[in-house]
Amino acid sequence: MSIFGNERRLFLEGEAETENLGAELARLAKQMGQGLTVFLEGDLGMGKTTLSRGVIRGLGHQGAVKSPTYTLVEPYEDLEPPAYHFDLYRLGDPEELEYMGIRDYFNGQSICLIEWPERGEGLLPAPDIEIHLEHQGEGRSVVVRARSEMGASLLNELELIGPGH
């Protein structure tokens with residue numbers, strides 16, 4: 001792993017490591033005791049939902065974690081802190097987010113995971129963390145960037161994710 005300013009670059013060999021990264025983000029967010037907005041970027045099939053599953057399970061959810069591709073948001077309000085998993089891939093117009101009360105989700109206390117955030121540009125708040133995933137060999141190259149002071153604090157605490165961790 002290398003650290004350059006406010007970003008970390010990781011290589012994740014598979015699904016388990018991707019989920020582990022999500023669980024580590026959940027652990028840190030709980031430890032910090034405040035909300036977190038995470039933008040998840042990458043092509044189809046790069047692991048955005050897998051990473052989200054790791055966060056949601058890391059917060060204590062026991063059931064299935066599905067991609068909210070058709071519903072736009074899947075709430076996990078019983079978790080501490082509450083989490084909301086957004087998938088904006090099928091969003092036709094960012095204004096649709098206003099109709100669903102998008103601002104109510106970003107209350108400073110919840111974890112909001114947003115896949116395809118560029119489709120909600122102009123209506124989404126700035127992220128604390130951006131995570132970009134792309135295919136590299138048999139695994140995924142991941143760049144985690146801090147975009148806020150809280151994101152930078154979280155990034156500084158991020159533990160190594162990899163085999164044996």
# chains A, B, ... in the order shown; residues from 1 in each chain; ligands from 1
>>> closest_atom_pairs(of="region 8-114 of chain A", to="region 124-148 of chain A", cutoff="7 Å", atoms="only C-alpha atoms", output="JSON lines")
{"residue": "A:Arg8", "atom": "CA", "partner": "A:Val144", "partner_atom": "CA", "distance": 5.2}
{"residue": "A:Arg9", "atom": "CA", "partner": "A:Val143", "partner_atom": "CA", "distance": 4.5}
{"residue": "A:Leu10", "atom": "CA", "partner": "A:Val142", "partner_atom": "CA", "distance": 5.0}
{"residue": "A:Phe11", "atom": "CA", "partner": "A:Ser141", "partner_atom": "CA", "distance": 4.7}
{"residue": "A:Leu12", "atom": "CA", "partner": "A:Arg140", "partner_atom": "CA", "distance": 5.2}
{"residue": "A:Glu13", "atom": "CA", "partner": "A:Gly139", "partner_atom": "CA", "distance": 4.4}
{"residue": "A:Gly14", "atom": "CA", "partner": "A:Gly139", "partner_atom": "CA", "distance": 5.6}
{"residue": "A:Leu36", "atom": "CA", "partner": "A:Asp128", "partner_atom": "CA", "distance": 6.2}
{"residue": "A:Thr37", "atom": "CA", "partner": "A:Pro127", "partner_atom": "CA", "distance": 4.9}
{"residue": "A:Val38", "atom": "CA", "partner": "A:Ile129", "partner_atom": "CA", "distance": 4.9}
{"residue": "A:Phe39", "atom": "CA", "partner": "A:Glu130", "partner_atom": "CA", "distance": 4.7}
{"residue": "A:Leu40", "atom": "CA", "partner": "A:Ile131", "partner_atom": "CA", "distance": 5.0}
{"residue": "A:Glu41", "atom": "CA", "partner": "A:His132", "partner_atom": "CA", "distance": 4.6}
{"residue": "A:Gly42", "atom": "CA", "partner": "A:Leu133", "partner_atom": "CA", "distance": 5.0}
{"residue": "A:Met46", "atom": "CA", "partner": "A:Glu134", "partner_atom": "CA", "distance": 5.9}
>>> residues_around(residues="region 82-90 of chain A", least_positions_apart="4", cutoff="7 Å", atoms="only C-alpha atoms", output="list in words")
Ser67, Pro68, Thr69, Leu72, Val73, Glu74, Pro75, Tyr76, Glu77, Asp78, Ser110, Ile111, Cys112, Leu113, Ile114, Glu115, Trp116, Pro117 and Arg119 of chain A
>>> write_last_selection(atoms="C-alpha atoms", output="mmCIF file, in the first residue's frame")
data_model
loop_
_atom_site.group_PDB
_atom_site.id
_atom_site.type_symbol
_atom_site.label_atom_id
_atom_site.label_comp_id
_atom_site.auth_asym_id
_atom_site.auth_seq_id
_atom_site.Cartn_x
_atom_site.Cartn_y
_atom_site.Cartn_z
ATOM 1 C CA SER A 67 -27.922 -3.608 -5.126
ATOM 2 C CA PRO A 68 -30.701 -1.001 -5.156
ATOM 3 C CA THR A 69 -30.470 -0.655 -8.935
ATOM 4 C CA LEU A 72 -32.286 3.811 -6.111
ATOM 5 C CA VAL A 73 -31.824 3.424 -2.341
ATOM 6 C CA GLU A 74 -31.838 0.533 0.106
ATOM 7 C CA PRO A 75 -32.196 1.727 3.719
ATOM 8 C CA TYR A 76 -30.596 -0.033 6.692
ATOM 9 C CA GLU A 77 -32.092 2.167 9.394
ATOM 10 C CA ASP A 78 -31.844 -0.458 12.139
ATOM 11 C CA SER A 110 -25.777 8.172 8.714
ATOM 12 C CA ILE A 111 -23.443 6.353 6.369
ATOM 13 C CA CYS A 112 -24.375 6.960 2.739
ATOM 14 C CA LEU A 113 -22.808 4.741 0.091
ATOM 15 C CA ILE A 114 -23.420 6.035 -3.435
ATOM 16 C CA GLU A 115 -22.725 3.997 -6.559
ATOM 17 C CA TRP A 116 -22.620 6.030 -9.810
ATOM 18 C CA PRO A 117 -22.500 9.396 -7.958
ATOM 19 C CA ARG A 119 -25.477 10.703 -12.143
#
>>> closest_residue(among="A:Gly92, A:Met150, A:Glu118, A:Ala26", to="Gly54 (chain A)", atoms="only C-alpha atoms")
A:Ala26
>>> select_by_dssp(residues="chain A", states="strand (DSSP E)", output="PyMOL selection string")
chain A and resi 2-4+7-12+36-41+73-76+83-87+111-115+129-136+139-146
>>> select_by_dssp(residues="chain A", states="alpha helix (DSSP H)", output="PyMOL selection string")
chain A and resi 15-32+48-58+96-99+102-105+149-157
>>> closest_residue(among="A:Leu91, A:Gly33, A:Leu79, A:Glu98", to="His61 (chain A)", atoms="only C-alpha atoms")
A:Leu79
>>> atom_distance(atom1="CA of Glu95 (chain A)", atom2="CA of Gly47 (chain A)")
26.8 Å
>>> atom_distance(atom1="CA of Glu24 (chain A)", atom2="CA of Ser153 (chain A)")
13.7 Å
>>> atom_distance(atom1="CA of Gly108 (chain A)", atom2="CA of Gly22 (chain A)")
19.3 Å
>>> closest_residue(among="A:Leu28, A:Thr50, A:Leu158, A:Glu7", to="Ala64 (chain A)", atoms="only C-alpha atoms")
A:Thr50
